[in-house]
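Visitor: The file below is data.cif, mmCIF, C-alpha atoms:
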data_model
#
loop_
_atom_site.label_atom_id
_atom_site.label_comp_id
_atom_site.auth_asym_id
_atom_site.auth_seq_id
_atom_site.Cartn_x
_atom_site.Cartn_y
_atom_site.Cartn_z
CA MET A 29 2.46 3.04 -18.69
CA GLN A 30 -0.88 3.04 -20.51
CA TYR A 31 -2.86 1.67 -17.55
CA ARG A 32 -5.24 4.32 -16.20
CA PHE A 33 -4.32 4.48 -12.51
CA ILE A 34 -6.70 7.35 -11.71
CA ARG A 35 -9.98 5.57 -11.00
CA GLU A 36 -13.50 6.72 -10.33
CA SER A 37 -15.71 5.70 -7.43
CA GLY A 38 -19.44 5.07 -7.03
CA VAL A 39 -21.66 5.41 -10.09
CA ALA A 40 -18.78 6.77 -12.20
CA SER A 41 -16.83 3.58 -11.46
CA ASP A 42 -19.80 1.45 -12.53
CA VAL A 43 -20.04 3.44 -15.77
CA ALA A 44 -16.29 3.08 -16.40
CA THR A 45 -16.44 -0.70 -15.97
CA LEU A 46 -19.39 -0.90 -18.35
CA ILE A 47 -18.17 1.40 -21.13
CA GLU A 48 -14.39 1.02 -21.17
CA PRO A 49 -14.46 -2.07 -23.46
CA VAL A 50 -16.87 -0.32 -25.85
CA ILE A 51 -14.72 2.83 -26.00
CA GLU A 52 -11.56 0.78 -26.56
CA ASP A 53 -13.26 -1.23 -29.35
CA LEU A 54 -14.04 2.09 -31.04
CA GLY A 55 -10.33 3.02 -30.92
CA PHE A 56 -10.48 5.51 -28.04
CA ARG A 57 -9.50 5.51 -24.39
CA ILE A 58 -11.14 6.96 -21.29
CA VAL A 59 -9.41 9.83 -19.54
CA ARG A 60 -12.01 10.51 -16.83
CA ILE A 61 -15.67 9.93 -16.01
CA GLN A 62 -17.69 12.21 -13.75
CA VAL A 63 -21.30 12.12 -12.65
CA GLY A 64 -22.64 15.32 -11.22
CA GLY A 65 -25.56 17.56 -11.02
CA GLY A 66 -28.57 16.80 -8.82
CA ASP A 67 -31.77 17.65 -10.74
CA ASN A 68 -29.79 18.07 -13.98
CA THR A 69 -27.46 15.08 -13.71
CA THR A 70 -24.65 15.07 -16.24
CA LEU A 71 -22.57 12.05 -17.13
CA GLN A 72 -19.31 13.43 -18.51
CA ILE A 73 -17.08 11.01 -20.36
CA MET A 74 -13.71 12.48 -21.20
CA ALA A 75 -12.00 10.44 -23.91
CA GLU A 76 -9.26 10.66 -26.51
CA ARG A 77 -7.60 8.79 -29.32
CA PRO A 78 -4.25 7.17 -28.43
CA ASP A 79 -2.53 10.24 -29.95
CA GLY A 80 -4.45 12.55 -27.59
CA ALA A 81 -6.79 14.02 -30.22
CA LEU A 82 -10.59 14.01 -30.18
CA SER A 83 -12.82 15.65 -32.79
CA ILE A 84 -16.51 16.48 -32.72
CA ALA A 85 -17.09 13.57 -35.10
CA ASP A 86 -15.26 11.31 -32.62
CA CYS A 87 -17.56 12.50 -29.81
CA SER A 88 -20.59 11.60 -31.95
CA GLU A 89 -19.12 8.20 -32.74
CA ILE A 90 -18.55 7.48 -29.05
CA ALA A 91 -22.08 8.62 -28.13
CA ARG A 92 -23.61 6.39 -30.83
CA GLY A 93 -21.49 3.45 -29.69
CA LEU A 94 -22.38 3.90 -26.02
CA SER A 95 -26.12 4.54 -26.38
CA PRO A 96 -27.20 0.87 -26.75
CA VAL A 97 -25.03 -0.23 -23.80
CA MET A 98 -26.24 2.62 -21.60
CA ASP A 99 -29.89 1.95 -22.52
CA VAL A 100 -29.67 -1.75 -21.68
CA HIS A 101 -27.66 -1.49 -18.44
CA ASP A 102 -28.91 1.93 -17.24
CA PRO A 103 -26.02 2.58 -14.79
CA VAL A 104 -27.15 6.14 -13.97
CA SER A 105 -30.51 6.27 -12.23
CA GLY A 106 -33.07 8.72 -13.52
CA LYS A 107 -32.72 11.26 -16.30
CA TYR A 108 -29.23 12.48 -17.21
CA PHE A 109 -27.36 14.34 -19.92
CA LEU A 110 -24.55 12.49 -21.68
CA GLU A 111 -21.54 14.68 -22.41
CA ILE A 112 -18.60 13.36 -24.42
CA SER A 113 -15.59 15.67 -24.34
CA SER A 114 -11.88 15.88 -24.99
CA PRO A 115 -9.43 16.34 -22.10
CA GLY A 116 -8.79 19.95 -23.15
CA ILE A 117 -5.61 21.95 -22.87
CA ASP A 118 -5.25 21.72 -19.09
CA ARG A 119 -6.01 18.02 -19.24
CA PRO A 120 -6.23 15.54 -16.39
CA LEU A 121 -3.28 13.19 -16.19
CA ALA A 122 -4.49 9.63 -15.70
CA ARG A 123 -1.78 7.32 -17.08
CA GLY A 124 1.92 7.03 -16.38
CA GLN A 125 2.59 7.87 -20.02
CA ASP A 126 0.75 11.20 -19.57
CA PHE A 127 3.42 12.25 -17.06
CA VAL A 128 6.18 11.24 -19.46
CA ASP A 129 4.53 12.99 -22.43
CA TRP A 130 4.08 16.22 -20.46
CA THR A 131 7.49 16.26 -18.73
CA GLY A 132 8.67 19.86 -18.39
CA TYR A 133 5.16 21.29 -18.00
CA GLU A 134 3.52 22.58 -14.84
CA ALA A 135 1.01 20.31 -13.09
CA LYS A 136 -1.11 20.12 -9.95
CA ILE A 137 -1.21 16.85 -8.04
CA LYS A 138 -3.55 15.95 -5.20
CA VAL A 139 -2.53 12.95 -3.11
CA ARG A 140 -4.84 10.63 -1.17
CA GLU A 141 -3.15 11.15 2.22
CA MET A 142 -1.27 14.06 3.77
CA ILE A 143 2.45 14.28 3.05
CA GLY A 144 4.39 16.74 5.17
CA GLY A 145 1.14 18.43 6.17
CA GLN A 146 -0.23 18.90 2.67
CA LYS A 147 -2.27 17.05 0.05
CA ARG A 148 -1.83 19.38 -2.92
CA PHE A 149 1.40 19.95 -4.79
CA ARG A 150 2.20 22.14 -7.78
CA GLY A 151 5.39 21.99 -9.81
CA ILE A 152 7.10 20.96 -13.01
CA LEU A 153 6.69 17.36 -14.18
CA ALA A 154 10.05 15.60 -14.19
CA GLY A 155 9.00 12.23 -15.63
CA VAL A 156 8.31 8.80 -14.18
CA GLU A 157 10.73 6.45 -12.45
CA ASN A 158 9.92 3.09 -10.81
CA ASP A 159 6.13 3.70 -10.77
CA GLU A 160 6.66 7.14 -9.23
CA ILE A 161 5.65 10.43 -10.76
CA LEU A 162 8.44 12.95 -10.31
CA LEU A 163 7.51 16.57 -9.61
CA LYS A 164 9.99 19.42 -9.21
CA VAL A 165 8.65 21.73 -6.49
CA ARG A 166 9.75 24.55 -4.25
CA LEU A 167 8.48 23.93 -0.74
CA ASP A 168 7.68 26.79 1.63
CA GLY A 169 10.81 28.23 3.18
CA GLN A 170 13.13 26.54 0.67
CA HIS A 171 15.40 28.46 -1.71
CA GLU A 172 15.87 25.68 -4.24
CA ASP A 173 13.60 23.25 -6.05
CA ILE A 174 13.54 19.62 -5.01
CA VAL A 175 12.15 16.61 -6.85
CA LEU A 176 9.43 14.68 -5.06
CA GLY A 177 8.33 11.19 -6.07
CA PHE A 178 4.69 10.13 -5.77
CA HIS A 179 3.81 6.47 -6.31
CA PHE A 180 0.89 6.05 -8.73
CA ASN A 181 -1.39 4.67 -6.01
CA MET A 182 -0.85 7.86 -3.93
CA ILE A 183 -2.36 10.10 -6.61
CA GLU A 184 -6.01 11.09 -6.27
CA GLN A 185 -6.03 13.72 -9.04
CA ALA A 186 -3.51 15.26 -11.39
CA LYS A 187 -3.82 17.81 -14.16
CA LEU A 188 -1.80 20.20 -16.23
CA VAL A 189 -1.82 23.89 -15.29
CA LEU A 190 -3.09 26.25 -17.96
CA ASN A 191 -0.28 28.72 -18.67
CA ASP A 192 1.51 30.33 -21.63
CA ASP A 193 3.83 27.33 -22.20
CA LEU A 194 0.87 24.96 -22.39
CA LEU A 195 -1.04 27.29 -24.72
CA LYS A 196 1.96 27.49 -27.06
CA VAL A 197 2.30 23.70 -27.34
CA SER A 198 -1.46 23.25 -27.85
CA LYS A 199 -1.40 25.65 -30.81
CA LYS A 200 1.41 23.61 -32.39
CA LYS A 201 -0.62 20.39 -32.07
CA LYS A 202 -3.56 21.76 -34.08
#
For the structure just supplied, provide its representation as structure tokens.
Guide:
Amino acid sequence: MQYRFIRESGVASDVATLIEPVIEDLGFRIVRIQVGGGDNTTLQIMAERPDGALSIADCSEIARGLSPVMDVHDPVSGKYFLEISSPGIDRPLARGQDFVDWTGYEAKIKVREMIGGQKRFRGILAGVENDEILLKVRLDGQHEDIVLGFHFNMIEQAKLVLNDDLLKVSKKKK
């Protein structure tokens, strides 16, 4: 359940392969890596401790630990800005355990291929069963919620929805 099934592509994938062992040796785990920008390329590394926390001091520690590896291997061509950040309140969900930990909270899921004419689903997380993420949704024209199961390999993106319930729980965690 701790395996990160959401994976990057292209340069972000190369960066993930290079830095994941370094980040893990420092006691953190990757949530997501994005490369974006154009003239002002930014390499964003979203990370956390196993308990989900990440402080400013942790971000500095990660940056210091990654700098030598990034300098030697230079996986991002040209000039770029390195940004280390926490997942935030409306965090991406990248591991099976994330869906268990956030059961009962609203999430958005984007699947890789169309299902019933749609790729995006929004509903309440209902846990994980047999490598499937369970999401309670109300489909158009339906009067009652149903629970849909999405196998891990079907998921392209998933994240929590920022709402009052999520804000309340985030205040308790501080």
Visitor: Calculate how many Å separate CA of Lys164 in chain A from CA of Asp79 in chain A, rounding to one decimal.
Guide: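 It comes out at 25.9 Å.
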Visitor: Within 10 Å of (5.0, 6.4, -5.6), all atoms listed in the file: residues as a ChimeraX atom specification?
Guide: /A:156-162,176-183
Visitor: Can you tell me, as a PyMOL selection string, what residues are no more than 6 Å from Glu76 in chain A when counting only C-alpha atoms, ignoring any on the same chain fewer than 6 positions away?
Guide: chain A and resi 56-57+82
Visitor: May I have the residues within 9 Å of Met98 in chain A as a VMD selection string, using all atoms listed in the file and disregarding those fewer than 4 positions away in the same chain?
Guide: chain A and resid 43 46 to 47 94 102 to 104
Visitor: Report the distance between CA of Trp130 in chain A and CA of Gly155 in chain A in Å, rounded to one decimal place.
Guide: 8.0 Å
Visitor: Expressed in Å to a single decimal, how great is the separation between CA of Val50 in chain A and CA of Gly93 in chain A?
Guide: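 The value is 7.1 Å.
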Visitor: Point out the residue among A:Gly55, A:Ser198, A:His101, A:Ile143 with the least atom-to-atom distance to Arg77 in chain A, counting only C-alpha atoms.
Guide: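 Closest residue, counting only C-alpha atoms: A:Gly55.
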Visitor: Need to verify the contact set: Gly38 in chain A, 12 Å, all atoms listed in the file, exclusion of same-chain residues closer than 6 positions in sequence. Can you return it as a list in words?
Guide: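 The contact residues come out as Ala44, Thr45, Ile61, Gln62, Val63, Gly64, Pro103 and Val104 of chain A.
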Visitor: Nearest to Asp126 in chain A among A:Arg92, A:Leu153, A:Ala81, A:Gln170, with distances taken over all atoms listed in the file: which residue is it?
Guide: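 The answer is A:Leu153, which sits nearest to Asp126 in chain A.
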Visitor: Give me range 78-197 of chain A from this structure - C-alpha atoms, as an mmCIF file, in the first residue's frame.
Guide:
data_model
loop_
_atom_site.group_PDB
_atom_site.id
_atom_site.type_symbol
_atom_site.label_atom_id
_atom_site.label_comp_id
_atom_site.auth_asym_id
_atom_site.auth_seq_id
_atom_site.Cartn_x
_atom_site.Cartn_y
_atom_site.Cartn_z
ATOM 1 C CA PRO A 78 5.955 8.979 6.401
ATOM 2 C CA ASP A 79 3.494 10.673 8.797
ATOM 3 C CA GLY A 80 2.515 13.195 6.088
ATOM 4 C CA ALA A 81 4.277 16.199 7.638
ATOM 5 C CA LEU A 82 6.912 18.411 6.008
ATOM 6 C CA SER A 83 8.489 21.482 7.598
ATOM 7 C CA ILE A 84 10.523 24.288 6.067
ATOM 8 C CA ALA A 85 13.610 22.756 7.685
ATOM 9 C CA ASP A 86 12.734 19.450 5.989
ATOM 10 C CA CYS A 87 12.524 21.218 2.606
ATOM 11 C CA SER A 88 16.004 22.671 3.177
ATOM 12 C CA GLU A 89 17.355 19.270 4.170
ATOM 13 C CA ILE A 90 15.948 17.691 1.002
ATOM 14 C CA ALA A 91 17.356 20.480 -1.190
ATOM 15 C CA ARG A 92 20.818 20.113 0.381
ATOM 16 C CA GLY A 93 20.681 16.337 -0.050
ATOM 17 C CA LEU A 94 19.600 16.542 -3.695
ATOM 18 C CA SER A 95 21.949 19.298 -4.870
ATOM 19 C CA PRO A 96 25.068 17.101 -5.351
ATOM 20 C CA VAL A 97 23.075 14.419 -7.217
ATOM 21 C CA MET A 98 21.337 16.970 -9.428
ATOM 22 C CA ASP A 99 24.640 18.745 -10.189
ATOM 23 C CA VAL A 100 26.394 15.535 -11.227
ATOM 24 C CA HIS A 101 23.573 13.977 -13.279
ATOM 25 C CA ASP A 102 21.912 17.191 -14.552
ATOM 26 C CA PRO A 103 18.558 15.558 -15.480
ATOM 27 C CA VAL A 104 16.876 18.884 -16.338
ATOM 28 C CA SER A 105 18.453 20.633 -19.304
ATOM 29 C CA GLY A 106 19.253 24.306 -18.964
ATOM 30 C CA LYS A 107 18.555 26.612 -16.059
ATOM 31 C CA TYR A 108 15.751 25.712 -13.654
ATOM 32 C CA PHE A 109 14.375 26.586 -10.240
ATOM 33 C CA LEU A 110 14.224 23.803 -7.659
ATOM 34 C CA GLU A 111 11.095 23.912 -5.525
ATOM 35 C CA ILE A 112 10.632 21.513 -2.612
ATOM 36 C CA SER A 113 7.113 21.573 -1.195
ATOM 37 C CA SER A 114 4.654 19.684 0.966
ATOM 38 C CA PRO A 115 1.555 18.084 -0.566
ATOM 39 C CA GLY A 116 -0.661 20.763 1.009
ATOM 40 C CA ILE A 117 -4.191 20.431 2.286
ATOM 41 C CA ASP A 118 -5.776 19.340 -0.993
ATOM 42 C CA ARG A 119 -2.951 16.890 -1.558
ATOM 43 C CA PRO A 120 -2.411 14.543 -4.462
ATOM 44 C CA LEU A 121 -3.122 10.915 -3.643
ATOM 45 C CA ALA A 122 -0.315 8.719 -4.945
ATOM 46 C CA ARG A 123 -0.272 5.563 -2.797
ATOM 47 C CA GLY A 124 -2.940 3.047 -1.909
ATOM 48 C CA GLN A 125 -2.498 3.989 1.738
ATOM 49 C CA ASP A 126 -3.406 7.611 0.897
ATOM 50 C CA PHE A 127 -6.871 6.422 -0.144
ATOM 51 C CA VAL A 128 -7.246 4.456 3.074
ATOM 52 C CA ASP A 129 -6.005 7.343 5.236
ATOM 53 C CA TRP A 130 -8.412 9.797 3.593
ATOM 54 C CA THR A 131 -11.474 7.522 3.468
ATOM 55 C CA GLY A 132 -14.602 9.612 4.006
ATOM 56 C CA TYR A 133 -13.180 12.718 2.327
ATOM 57 C CA GLU A 134 -14.046 14.117 -1.083
ATOM 58 C CA ALA A 135 -11.611 13.471 -3.941
ATOM 59 C CA LYS A 136 -11.247 13.988 -7.679
ATOM 60 C CA ILE A 137 -9.944 11.111 -9.770
ATOM 61 C CA LYS A 138 -8.877 11.242 -13.406
ATOM 62 C CA VAL A 139 -8.585 7.892 -15.158
ATOM 63 C CA ARG A 140 -6.334 7.053 -18.106
ATOM 64 C CA GLU A 141 -9.142 5.852 -20.412
ATOM 65 C CA MET A 142 -12.811 6.766 -20.730
ATOM 66 C CA ILE A 143 -15.249 4.897 -18.508
ATOM 67 C CA GLY A 144 -18.908 5.317 -19.364
ATOM 68 C CA GLY A 145 -18.062 8.376 -21.456
ATOM 69 C CA GLN A 146 -16.027 10.188 -18.819
ATOM 70 C CA LYS A 147 -12.476 10.394 -17.495
ATOM 71 C CA ARG A 148 -13.037 12.527 -14.395
ATOM 72 C CA PHE A 149 -14.897 11.432 -11.296
ATOM 73 C CA ARG A 150 -15.612 13.245 -8.042
ATOM 74 C CA GLY A 151 -16.948 11.637 -4.901
ATOM 75 C CA ILE A 152 -16.267 10.411 -1.395
ATOM 76 C CA LEU A 153 -13.352 8.019 -0.873
ATOM 77 C CA ALA A 154 -14.623 4.663 0.372
ATOM 78 C CA GLY A 155 -11.293 2.879 0.899
ATOM 79 C CA VAL A 156 -9.306 0.309 -1.050
ATOM 80 C CA GLU A 157 -10.237 -3.284 -1.826
ATOM 81 C CA ASN A 158 -8.283 -5.768 -3.978
ATOM 82 C CA ASP A 159 -6.039 -3.073 -5.543
ATOM 83 C CA GLU A 160 -9.081 -0.950 -6.369
ATOM 84 C CA ILE A 161 -9.779 2.523 -5.084
ATOM 85 C CA LEU A 162 -13.411 2.803 -4.072
ATOM 86 C CA LEU A 163 -15.223 6.078 -4.732
ATOM 87 C CA LYS A 164 -18.826 6.808 -3.764
ATOM 88 C CA VAL A 165 -20.349 8.917 -6.553
ATOM 89 C CA ARG A 166 -23.686 10.089 -7.830
ATOM 90 C CA LEU A 167 -23.795 9.699 -11.597
ATOM 91 C CA ASP A 168 -25.892 11.988 -13.786
ATOM 92 C CA GLY A 169 -29.540 11.015 -13.732
ATOM 93 C CA GLN A 170 -29.161 8.783 -10.663
ATOM 94 C CA HIS A 171 -30.968 9.412 -7.373
ATOM 95 C CA GLU A 172 -28.630 7.403 -5.169
ATOM 96 C CA ASP A 173 -24.883 7.147 -4.722
ATOM 97 C CA ILE A 174 -23.049 4.121 -6.057
ATOM 98 C CA VAL A 175 -19.548 2.895 -5.277
ATOM 99 C CA LEU A 176 -17.189 2.626 -8.225
ATOM 100 C CA GLY A 177 -13.922 0.695 -8.119
ATOM 101 C CA PHE A 178 -10.865 1.929 -10.021
ATOM 102 C CA HIS A 179 -7.832 -0.346 -10.268
ATOM 103 C CA PHE A 180 -4.608 1.466 -9.342
ATOM 104 C CA ASN A 181 -3.252 1.212 -12.891
ATOM 105 C CA MET A 182 -6.357 3.032 -14.227
ATOM 106 C CA ILE A 183 -5.622 6.184 -12.218
ATOM 107 C CA GLU A 184 -3.813 9.039 -13.949
ATOM 108 C CA GLN A 185 -4.308 11.633 -11.193
ATOM 109 C CA ALA A 186 -6.080 11.805 -7.868
ATOM 110 C CA LYS A 187 -6.323 14.511 -5.244
ATOM 111 C CA LEU A 188 -8.369 15.603 -2.292
ATOM 112 C CA VAL A 189 -10.947 18.360 -2.777
ATOM 113 C CA LEU A 190 -10.455 21.455 -0.659
ATOM 114 C CA ASN A 191 -13.627 21.897 1.399
ATOM 115 C CA ASP A 192 -14.688 22.666 4.982
ATOM 116 C CA ASP A 193 -14.273 19.049 6.165
ATOM 117 C CA LEU A 194 -10.707 18.934 4.865
ATOM 118 C CA LEU A 195 -9.879 22.324 6.396
ATOM 119 C CA LYS A 196 -11.170 21.155 9.792
ATOM 120 C CA VAL A 197 -9.012 18.017 9.810
#
